[in-house]
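Notes follow the structure.
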Amino acid sequence: MLIRYLALILGCQLVGETVQVATGLPVPGPVIGMALLFAGLLVRRGLPAGLEGAAGGLLRHLALLFVPAGVGVMLHVPRLAEEWWPILLGIVPGTLIAIAVTALLVERLGRGSIREEDKV
Amino acid sequence: MSAPDLAEIWVYLSQKPLTGLTVTLVAYALGDWLYEKSGRHPLLNPVPIAIALIAGLLWATDVPYTDYFEGAQFVHFLLGPATVALAVPLYQQLAVLKKSGPALVAGILAGSLTAAGCAVLLGWLGGASETTLLSLAPKSVTAPIAMGIAEQLGGLPSLTAVLVILTGITGGVLGPLVLNLVRVKDWRARGLAMGVAAHGIGTARALQVNAVAGAFAGLAMGLNGLATAILLPAIFALVF
């Protein structure tokens with residue numbers, strides 16, 4: 001029953017948003033909802049096939065969901081044109097350095113716990 | 001009564017939610033088709049292609065972003081449920097996550113500080129204005145958290161949303177190339193780095209490539225949001 005699991009996912013988000021508004025936590029409602037669903041799965045000890053299907057459907061084209069916000073780049077063209085150099089410096093090398101540093105550190109710290117199948 | 005001309009029809013259609021929604025899906029489908037056609041070449045990521053196509057169309061037809069968003073918001077809305085759904089791949093990789101606890105926590109803290117630190121330092125070296133710098137600081141964090149942090153620091157939340165997407169695209173497109181360059185073979189490390197530095201767009205890319213990498217990316221995105229939301233305002237209060 002796909003509807004039931006979509007309702008479960010939306011319900012987790014709704015509870016998450018409510019908790020966020022009620023407590024003023026700096027974490028958005030959907031992230032709290034993710035933690036709730038994860039905790040629920042831990043308690044239940046098992047993943048219903050329908051939930052796997054519903055989640056898979058939402059995540060298969062996750063990248064698509066960022067397009068509408070990305071088109072908002074139109075609204076900031078004057079600032080981007082004026083400050084393109086510092087923005088480019090902060091974003092491109094800044095992001096790539098963070099990726100390299102994080103990956104190298106985690107690989108080094110995780111040497112003892114790696115399984116053969118988790119290597120490229 | 002004469003038939004309306006094409007321009008009138010366009011004015012009518014451009015204000016309908018259906019148009020913005022259709023344009024979003026068609027542009028993404030085109031981007032995805034190009035990506036598949038190229039053998040999934042990282043430089044042909046469908047997100048920047050779709051954004052460029054839509055922004056170009058809106059600019060050429062003089063349609064304001066807010067009219068477009070009337071329709072596109074239905075796609076945008078799904079970001080919330082999709083974030084909740086990340087609990088599923090996380091649960092599926094529970095065994096690997098449990099074994100990697102210390103590496104995971106250290107990686108997220110280091111990634112959070114490196115991403116924000118490099119953004120502010122490099123932006124400052126490049127001569128960014130104060131508003132831009134403050135909007136740039138949380139750029140690696142998932143959009144809703146990043147916008148909240150920017151507001152708290154005194155940046156522009158709507159500018160931060162755009163910088164967050166540009167960061168995600170950079171990580172999603174160039175991240176795998178950098179990971180190959182520094183020869184990281186551990187899927188956990190590759191996924192975690194993509195999630196920490198390039199949030200949901202990095203996670204989307206990691207999920208496509210490897211299930212373990214996808215789960216680590218999703219977890220890293222969530223925990224990095226939490227870590228940065230707590231650390232960044234505290235560090236700024238101490239330093240400035």
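Chain identifiers are assigned as A, B, and so on, following the order in which chains appear in the structure tokens; residues are numbered from 1 within each chain, and ligands are numbered from 1 in order of appearance.
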
Practice task
For Gly200 in chain B, work out the shell of residues within 12 Å, counting only C-alpha atoms and skipping chain neighbours fewer than 2 positions away, then give it as a VMD selection string.
Solution key: (chain A and resid 31 59 61 to 67) or (chain B and resid 47 79 to 80 82 to 83 86 139 to 144 164 to 169 171 to 172 191 to 198 202 to 207 214 to 222 224 to 225)

Practice task
Could you list the residues in chain B lying within 6 Å of chain A, using only C-alpha atoms, and format the result as JSON, numbers by chain?
Solution key: {"B": [51, 55, 72, 75, 76, 79, 80, 81, 82, 83, 84, 85, 87, 103, 107, 111, 114, 115, 118, 119, 122, 123, 126, 127, 128, 162, 165, 167, 185, 186, 187, 189, 190, 193, 197, 201, 204]}

Practice task
From a DSSP calculation on the backbone, collect every residue of range 92-229 of chain B in alpha helix (DSSP H) and output the set as an MDAnalysis selection string.
Solution key: chainID B and resid 92 94:99 101:125 130:136 143:153 157:181 187:209 211:229

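Of the residues under consideration (B:Asn45, B:Ser112, B:Asn180, B:Ser38), B:Ser112 shows the shortest atom-to-atom contact distance to Leu226 in chain B when counting only C-alpha atoms.
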
Handout entry: Within 10 Å of Leu94 in chain B using only C-alpha atoms, minus same-chain residues under 4 positions, as a list in words
Key = Leu42 of chain A; Val88, Pro89, Leu90, Lys98, Lys99, Val212 and Ala215 of chain B

Output C-alpha atoms for every residue in the selection just made, as an mmCIF file, in the first residue's frame.
data_model
loop_
_atom_site.group_PDB
_atom_site.id
_atom_site.type_symbol
_atom_site.label_atom_id
_atom_site.label_comp_id
_atom_site.auth_asym_id
_atom_site.auth_seq_id
_atom_site.Cartn_x
_atom_site.Cartn_y
_atom_site.Cartn_z
ATOM 1 C CA LEU A 42 15.338 1.008 14.588
ATOM 2 C CA VAL B 88 15.527 4.523 4.448
ATOM 3 C CA PRO B 89 18.980 4.237 2.782
ATOM 4 C CA LEU B 90 20.449 5.180 6.178
ATOM 5 C CA LYS B 98 27.744 1.378 13.254
ATOM 6 C CA LYS B 99 31.234 0.137 12.425
ATOM 7 C CA VAL B 212 26.987 2.812 0.819
ATOM 8 C CA ALA B 215 23.755 6.452 2.860
#

Problem - Shell around Thr19 in chain B at 10 Å using only C-alpha atoms, local window under 4 positions removed, as a PyMOL selection string - result: chain B and resi 10+12-15+23-24+67-72

Fill in the blank from the handout: In Å and to one decimal, CA of His41 in chain B is distant from CA of Leu104 in chain B by 28.9 Å

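Between CA of Leu153 in chain B and CA of Phe236 in chain B the separation is 7.7 Å.
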